[in-house]
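A.B. asks: Sharing a structure, written as structure tokens. Questions coming.
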Amino acid sequence: YMPEKFTVYRGTVERYRDDGGLSWTTDYDKAEWFAERFEAEDSVVLSREVSRDSVVAYLTSRGENEIILQP
């Protein structure tokens, strides 16, 4: 079950903040890991509220709770 609206997170670096990105997660800690994996000084965890209608896929493999959003 997926709620009508929920929060997703994306770990990235500041210079890619506005690229949108298709791949997000419902797991803040996993997004933080992605943000810090290259030890960049400008790492950031983005968040946004999305509706389930914007979700293309929900993948639970690899323990990432990955949400693929429509472009």
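Identifiers in the structure tokens: chain A, B, ... in order shown; residue index from 1 per chain; ligand index from 1 in order shown.
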Give me the residues near range 35-42 of chain A as an NGL selection string, where near means some atom within 6 Å (using only C-alpha atoms) and where sequence neighbours in that chain fewer than 5 positions away do not count.

C.D. replies: :A and (11-14)

A.B. asks: Quick one: write out the picked residues with all heavy atoms as a compact mmCIF listing (two decimals), in the first residue's frame?

C.D. replies:
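The result, written out as part_12.txt:
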# COMPACT_ATOMS: atom_id res chain seq x y z
N GLY A 11 19.75 11.68 -2.26
CA GLY A 11 21.08 12.08 -1.86
C GLY A 11 21.88 12.47 -3.08
O GLY A 11 21.99 11.71 -4.04
N THR A 12 22.44 13.67 -3.07
CA THR A 12 23.18 14.17 -4.23
C THR A 12 24.20 15.20 -3.75
O THR A 12 24.47 15.31 -2.57
CB THR A 12 22.20 14.75 -5.28
OG1 THR A 12 22.91 15.05 -6.48
CG2 THR A 12 21.46 15.95 -4.78
N VAL A 13 24.73 15.95 -4.67
CA VAL A 13 25.60 17.07 -4.33
C VAL A 13 24.96 18.35 -4.82
O VAL A 13 24.14 18.34 -5.76
CB VAL A 13 27.03 16.89 -4.91
CG1 VAL A 13 27.77 15.77 -4.19
CG2 VAL A 13 27.00 16.64 -6.39
N GLU A 14 25.31 19.44 -4.21
CA GLU A 14 24.65 20.72 -4.47
C GLU A 14 24.63 21.08 -5.96
O GLU A 14 23.62 21.57 -6.47
CB GLU A 14 25.35 21.83 -3.68
CG GLU A 14 24.66 23.15 -3.72
CD GLU A 14 23.28 23.16 -3.07
OE1 GLU A 14 23.11 22.52 -2.02
OE2 GLU A 14 22.38 23.82 -3.62

A.B. asks: Applying 10 Å and only C-alpha atoms, which residues near Gly20 in chain A remain after dropping the ones on its own chain fewer than 5 positions away? List them as a list in words.

C.D. replies: Arg10, Leu69 and Pro71 of chain A

A.B. asks: Output the selection as a PDB file, in the first residue's frame - C-alpha atoms for each residue.

C.D. replies:
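Final output, saved to part29.pdb:
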ATOM      1  CA  ARG A  10      17.443  12.028  -2.829  1.00  0.00           C
ATOM      2  CA  LEU A  69       9.222   9.165 -10.564  1.00  0.00           C
ATOM      3  CA  PRO A  71      10.134  12.745 -15.649  1.00  0.00           C
TER       4      PRO A  71
END

A.B. asks: Between A:Val8, A:Asp19, A:Tyr1, A:Asp29, single out the one closest to Gly63 in chain A, counting only C-alpha atoms.

C.D. replies: A:Asp29

A.B. asks: Select from chain A everything DSSP, run on the backbone, classes as strand (DSSP E or B), then give the selection as a ChimeraX atom specification.

C.D. replies: /A:5-13,23-25,43-51,55-59,66-69

A.B. asks: Just the alpha helix (DSSP H) stuff from chain A, please, per backbone DSSP, written as a tab-separated table (two decimals) with C-alpha atoms, in the first residue's frame.

C.D. replies:
chain	number	residue	atom	x	y	z
A	28	TYR	CA	16.19	9.17	4.64
A	29	ASP	CA	19.22	7.23	5.88
A	30	LYS	CA	19.75	5.66	2.45
A	31	ALA	CA	19.53	9.09	0.80
A	32	GLU	CA	22.10	10.39	3.29
A	33	TRP	CA	24.40	7.47	2.39
A	34	PHE	CA	24.13	8.36	-1.31
A	35	ALA	CA	24.84	12.02	-0.55
A	36	GLU	CA	27.97	11.20	1.42

A.B. asks: Which residues come within 10 Å of Glu66 in chain A, counting only C-alpha atoms, excluding same-chain residues fewer than 2 positions away, as a ChimeraX atom specification?

C.D. replies: /A:8-10,22-27,30-31,57-64,68-69

A.B. asks: From the set A:Gln70, A:Pro3, A:Arg15, A:Gly21, which residue has the shortest atom-to-atom contact distance to Ser47 in chain A, counting only C-alpha atoms?

C.D. replies: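 Smallest distance to Ser47 in chain A is found for A:Gly21.
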